[in-house]
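Undergrad: The structure under discussion is supplied below as structure tokens; questions concerning it will follow.
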Amino acid sequence: MTVDHPVSRSALPYGFDCPIVPTPSTQLETLTPSVAANLASFQAYLRSSKRILALVGAGLSASSGLPTFRGAGGLWRNHDAMELATPEAFSNDPSLVWQFYSARRAAALRAMPNKAHYALAELAKRMPEFLTLTQNVDGLSTRANHPPDQLLHLHGSLFSLKCTSFYCDFQEDNHFMHPLTPELAIASEISTPYTHIPQSGLPRCPKCHTGLLRPGVVWFGEPLPWRVVKAADDFISAGKVDLILVIGTSGTVYPAAGYVDRIRMQGGKVAVFNIDIDDSESDDDISEMESERSYANRTKWTFEGDAAEWVPVALEPIIGQIEVQEGNSGNLV
Ligand code: BJW
């Protein structure tokens, strides 16, 4: 499996304060007996599951070098990333918000999918009733060849553009050119002081020639794309979802976070993959003697550590082993 890559992988030129988020090793080769029992119990249930949903967030792409929103790395030029992801921020200062998104486009283009992106893509190829709901806008799941009909982008894409004019319906997807205007090239140079770009230097609508373009992402207070929400609802209504994989998300943003409770209320079980598992997310009580036969008593599993390490291991009974070579071809062995 070879991944086309439009931008070379030299030093990151973009502007997050902490572009590479170091992730402690989960040292999967030295599992304690209780962690091994937890994994065996999860894998036994996974093998018995027919319909599976994944809800993924920024932590999935952390090992690919893309910062998460909350916590370390969620600052861009001393601005809280969450405060830039609003229609109000764009309307107040489109130059600032466009530079934020231009830097993120550059970073996403130069990042590579990691083993968890490939593992989920492989699970989709092997299980027709597996669907991934991604909150990520970086395009890495698509670049890992996740089957498109089994991948829903809840929060849009960095590589979609929309006209902001009320009277214009222009929208373009898969627009990978960078920078979008010559002036936006400065967004990638964090070492230079921030410079305001006048509206004439920001992306303009090629259809109406008057409106400013904006990134095709979903900001706070905006509705999620209705086709996407409907497709997710249709999947959930079509039959009981046996398992939801909750990967690298803080679960704080709605309606995305609500899918976990919906699956739980249907009687589905939950597996959480996160570098930081808090007490409220911890497993059901298990004993070190738990065997893989005991999953009937479980409603939840947690895997604390880097999703890029844990997800491929957890899914191994279905997908086999995933290896991602330097240069980033994902190979199944
Ligand atoms: C690792 C790791 C490693 C790190 N391995 N793990 C109900 C209740 C309360 C509020 C609301 C509600 N319903 C709606 C709202 C309002 C609002 C909302 O949810 N607010 C909350 C703050 C409370 N929701 C909305 O406004 C949504 N719209 C809406 O509801 O519209 C209704 C409507 C209907 C009709 C008309 C009009 C309106 C829209 C939400 C849009 C969110 N957009 C963003 C920006 C997208 C564009 C961009 O990328 O810039 O989406 S915000 C940001 O948060 C982004 C993310 O997708 C989203 C979720 O974040 P995520 O992915 O979970 O990242 P983090 O950083 O939070 O967490 C990372 C996790 O990874 C952490 O747990 C780490 O520990 C972990 N991790 N490294 C594994 N290596």
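Residues are named by chain letter and number: chains run A, B, ... in the order of the structure tokens, numbers start at 1 in each chain, and ligands are numbered from 1 in the order shown.
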What do you get as a PyMOL selection string if you pick all residues at most 7 Å from ligand 1, counting only C-alpha atoms and all ligand atoms?

TA: chain A and resi 23+56-60+62-63+68-71+82+85+135-137+155+217-224+247-255+273-276+305-308

Undergrad: List the neighbours of Ser102 (chain A) out to 9 Å using only C-alpha atoms; skip same-chain residues closer than 3 positions along the sequence, and give me the result as a list in words.

TA: Tyr14, Val97, Trp98, Gln99, Arg105, Ala106, Ala107, Leu158, His178, Pro179, Leu180, Leu184, Ala185, Ala187 and Ser188 of chain A

Undergrad: Emit the selected residues as a compact mmCIF listing (two decimals), in the first residue's frame, including N, CA, C and O atoms.

TA:
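Once written, part21.txt looks like this:
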# COMPACT_ATOMS: atom_id res chain seq x y z
N TYR A 14 5.16 24.93 10.08
CA TYR A 14 3.91 25.56 10.45
C TYR A 14 3.92 25.97 11.90
O TYR A 14 4.88 25.76 12.62
N VAL A 97 -7.75 34.01 11.16
CA VAL A 97 -8.31 32.67 11.09
C VAL A 97 -7.82 31.95 9.82
O VAL A 97 -7.48 30.76 9.86
N TRP A 98 -7.69 32.68 8.71
CA TRP A 98 -7.17 32.03 7.50
C TRP A 98 -5.72 31.59 7.68
O TRP A 98 -5.29 30.55 7.18
N GLN A 99 -4.94 32.40 8.42
CA GLN A 99 -3.54 32.00 8.63
C GLN A 99 -3.46 30.75 9.51
O GLN A 99 -2.63 29.86 9.29
N ARG A 105 -3.48 23.37 7.12
CA ARG A 105 -3.49 22.66 5.83
C ARG A 105 -2.07 22.18 5.50
O ARG A 105 -1.87 21.03 5.09
N ALA A 106 -1.10 23.08 5.68
CA ALA A 106 0.30 22.72 5.37
C ALA A 106 0.75 21.55 6.23
O ALA A 106 1.36 20.59 5.75
N ALA A 107 0.41 21.61 7.53
CA ALA A 107 0.84 20.55 8.46
C ALA A 107 0.18 19.22 8.10
O ALA A 107 0.82 18.17 8.12
N LEU A 158 -10.34 20.26 6.09
CA LEU A 158 -9.46 21.41 5.84
C LEU A 158 -9.33 21.68 4.34
O LEU A 158 -8.95 22.77 3.94
N HIS A 178 -1.42 24.56 -1.91
CA HIS A 178 -0.93 25.31 -0.75
C HIS A 178 0.27 26.16 -1.16
O HIS A 178 1.16 25.65 -1.83
N PRO A 179 0.31 27.45 -0.80
CA PRO A 179 -0.73 28.20 -0.12
C PRO A 179 -1.83 28.59 -1.08
O PRO A 179 -1.64 28.60 -2.30
N LEU A 180 -3.00 28.93 -0.52
CA LEU A 180 -4.15 29.25 -1.37
C LEU A 180 -3.98 30.61 -2.04
O LEU A 180 -4.55 30.85 -3.11
N LEU A 184 -0.77 34.06 1.86
CA LEU A 184 -0.94 33.10 2.95
C LEU A 184 0.30 32.24 3.17
O LEU A 184 0.35 31.46 4.14
N ALA A 185 1.30 32.37 2.31
CA ALA A 185 2.54 31.60 2.51
C ALA A 185 3.17 31.96 3.85
O ALA A 185 3.81 31.12 4.49
N ALA A 187 1.86 32.24 6.64
CA ALA A 187 1.28 31.51 7.77
C ALA A 187 2.15 30.34 8.17
O ALA A 187 2.09 29.85 9.29
N SER A 188 2.95 29.83 7.22
CA SER A 188 3.78 28.67 7.51
C SER A 188 5.08 29.04 8.20
O SER A 188 5.82 28.18 8.63

Undergrad: Mind listing the strand (DSSP E) residues of region 37-253 of chain A, per DSSP on the backbone, as number ranges by chain?

TA: A: 52-56, 75-76, 79-80, 130-134, 151-153, 156-163, 171-172, 213-217, 243-247

Undergrad: DSSP on the backbone, then: every residue of region 131-289 of chain A marked helix (DSSP H, G or I), written as a VMD selection string.

TA: chain A and resid 140 to 143 148 to 150 182 to 188 199 to 201 226 to 237 258 to 265 279 to 281

Undergrad: Go ahead and write the residues just picked, N, CA and C atoms, as a short mmCIF file (atom, residue, chain, number, x, y, z; two decimals), in the first residue's frame.

TA:
data_model
loop_
_atom_site.label_atom_id
_atom_site.label_comp_id
_atom_site.auth_asym_id
_atom_site.auth_seq_id
_atom_site.Cartn_x
_atom_site.Cartn_y
_atom_site.Cartn_z
N LEU A 140 -6.26 12.39 6.96
CA LEU A 140 -5.31 11.27 7.09
C LEU A 140 -6.00 9.90 6.95
N SER A 141 -7.25 9.78 7.39
CA SER A 141 -7.94 8.49 7.22
C SER A 141 -8.15 8.20 5.74
N THR A 142 -8.51 9.22 4.98
CA THR A 142 -8.69 9.04 3.54
C THR A 142 -7.37 8.63 2.90
N ARG A 143 -6.27 9.28 3.34
CA ARG A 143 -4.96 8.96 2.75
C ARG A 143 -4.48 7.58 3.18
N PRO A 148 -14.21 5.12 1.44
CA PRO A 148 -14.95 6.36 1.65
C PRO A 148 -16.40 6.15 2.09
N ASP A 149 -17.01 5.03 1.68
CA ASP A 149 -18.40 4.82 2.08
C ASP A 149 -18.50 4.30 3.52
N GLN A 150 -17.36 4.10 4.17
CA GLN A 150 -17.37 3.68 5.58
C GLN A 150 -16.66 4.72 6.46
N PRO A 182 -0.69 33.78 -2.51
CA PRO A 182 0.73 34.03 -2.20
C PRO A 182 0.89 34.64 -0.80
N GLU A 183 -0.03 35.50 -0.43
CA GLU A 183 0.07 36.17 0.88
C GLU A 183 0.00 35.15 2.04
N LEU A 184 -0.77 34.06 1.86
CA LEU A 184 -0.94 33.10 2.95
C LEU A 184 0.30 32.24 3.17
N ALA A 185 1.30 32.37 2.31
CA ALA A 185 2.54 31.60 2.51
C ALA A 185 3.17 31.96 3.85
N ILE A 186 2.96 33.19 4.33
CA ILE A 186 3.59 33.61 5.59
C ILE A 186 3.06 32.84 6.79
N ALA A 187 1.86 32.24 6.64
CA ALA A 187 1.28 31.51 7.77
C ALA A 187 2.15 30.34 8.17
N SER A 188 2.95 29.83 7.22
CA SER A 188 3.78 28.67 7.51
C SER A 188 5.08 29.04 8.20
N GLN A 199 -7.98 41.83 3.08
CA GLN A 199 -8.92 40.89 2.43
C GLN A 199 -8.54 40.60 0.98
N SER A 200 -7.89 41.55 0.32
CA SER A 200 -7.50 41.32 -1.09
C SER A 200 -6.48 40.19 -1.20
N GLY A 201 -5.82 39.85 -0.10
CA GLY A 201 -4.81 38.78 -0.12
C GLY A 201 -5.35 37.45 0.41
N TRP A 226 -25.91 17.75 7.09
CA TRP A 226 -27.07 16.89 7.38
C TRP A 226 -26.95 15.52 6.74
N ARG A 227 -26.30 15.45 5.56
CA ARG A 227 -26.13 14.12 4.92
C ARG A 227 -25.29 13.20 5.79
N VAL A 228 -24.29 13.78 6.43
CA VAL A 228 -23.39 13.01 7.28
C VAL A 228 -24.14 12.53 8.52
N VAL A 229 -24.89 13.43 9.14
CA VAL A 229 -25.66 13.08 10.34
C VAL A 229 -26.70 12.01 9.99
N LYS A 230 -27.32 12.16 8.83
CA LYS A 230 -28.34 11.19 8.42
C LYS A 230 -27.70 9.82 8.18
N ALA A 231 -26.55 9.80 7.54
CA ALA A 231 -25.88 8.51 7.28
C ALA A 231 -25.51 7.84 8.60
N ALA A 232 -25.03 8.62 9.57
CA ALA A 232 -24.70 8.04 10.88
C ALA A 232 -25.96 7.51 11.56
N ASP A 233 -27.03 8.30 11.52
CA ASP A 233 -28.30 7.88 12.12
C ASP A 233 -28.83 6.61 11.45
N ASP A 234 -28.74 6.56 10.12
CA ASP A 234 -29.23 5.38 9.39
C ASP A 234 -28.47 4.13 9.83
N PHE A 235 -27.15 4.27 9.99
CA PHE A 235 -26.35 3.11 10.40
C PHE A 235 -26.79 2.63 11.78
N ILE A 236 -26.98 3.58 12.69
CA ILE A 236 -27.34 3.22 14.07
C ILE A 236 -28.75 2.63 14.14
N SER A 237 -29.64 3.16 13.28
CA SER A 237 -31.03 2.66 13.30
C SER A 237 -31.18 1.31 12.60
N GLY A 258 -22.21 12.46 21.68
CA GLY A 258 -23.47 11.80 22.03
C GLY A 258 -23.61 10.40 21.43
N TYR A 259 -22.81 10.10 20.37
CA TYR A 259 -22.93 8.76 19.77
C TYR A 259 -22.55 7.66 20.76
N VAL A 260 -21.64 7.95 21.68
CA VAL A 260 -21.20 6.91 22.62
C VAL A 260 -22.37 6.48 23.50
N ASP A 261 -23.09 7.47 24.05
CA ASP A 261 -24.24 7.13 24.91
C ASP A 261 -25.35 6.45 24.11
N ARG A 262 -25.52 6.88 22.86
CA ARG A 262 -26.57 6.24 22.04
C ARG A 262 -26.27 4.75 21.87
N ILE A 263 -25.02 4.42 21.60
CA ILE A 263 -24.68 3.01 21.41
C ILE A 263 -24.81 2.24 22.72
N ARG A 264 -24.35 2.87 23.80
CA ARG A 264 -24.47 2.23 25.12
C ARG A 264 -25.93 1.96 25.46
N MET A 265 -26.80 2.95 25.16
CA MET A 265 -28.22 2.78 25.48
C MET A 265 -28.88 1.68 24.65
N ASP A 279 -10.57 8.66 35.66
CA ASP A 279 -11.26 7.67 36.49
C ASP A 279 -12.66 7.36 35.99
N SER A 280 -13.33 8.41 35.46
CA SER A 280 -14.71 8.20 35.02
C SER A 280 -14.77 7.26 33.82
N GLU A 281 -13.62 7.09 33.15
CA GLU A 281 -13.62 6.22 31.97
C GLU A 281 -13.07 4.83 32.24
#

Undergrad: Would you kindly return, as a PyMOL selection string, each protein, DNA or RNA residue with an atom no farther than 12 Å from any atom of Gly239 (chain A), considering only C-alpha atoms and excluding same-chain residues fewer than 5 positions away?

TA: chain A and resi 50-53+129+233-234+263+266-268

Undergrad: In Å, how far is it from CA of Trp310 (chain A) to CA of Val35 (chain A)?

TA: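 Computing the Euclidean distance for CA of Trp310 (chain A) and CA of Val35 (chain A) yields 11.6 Å.
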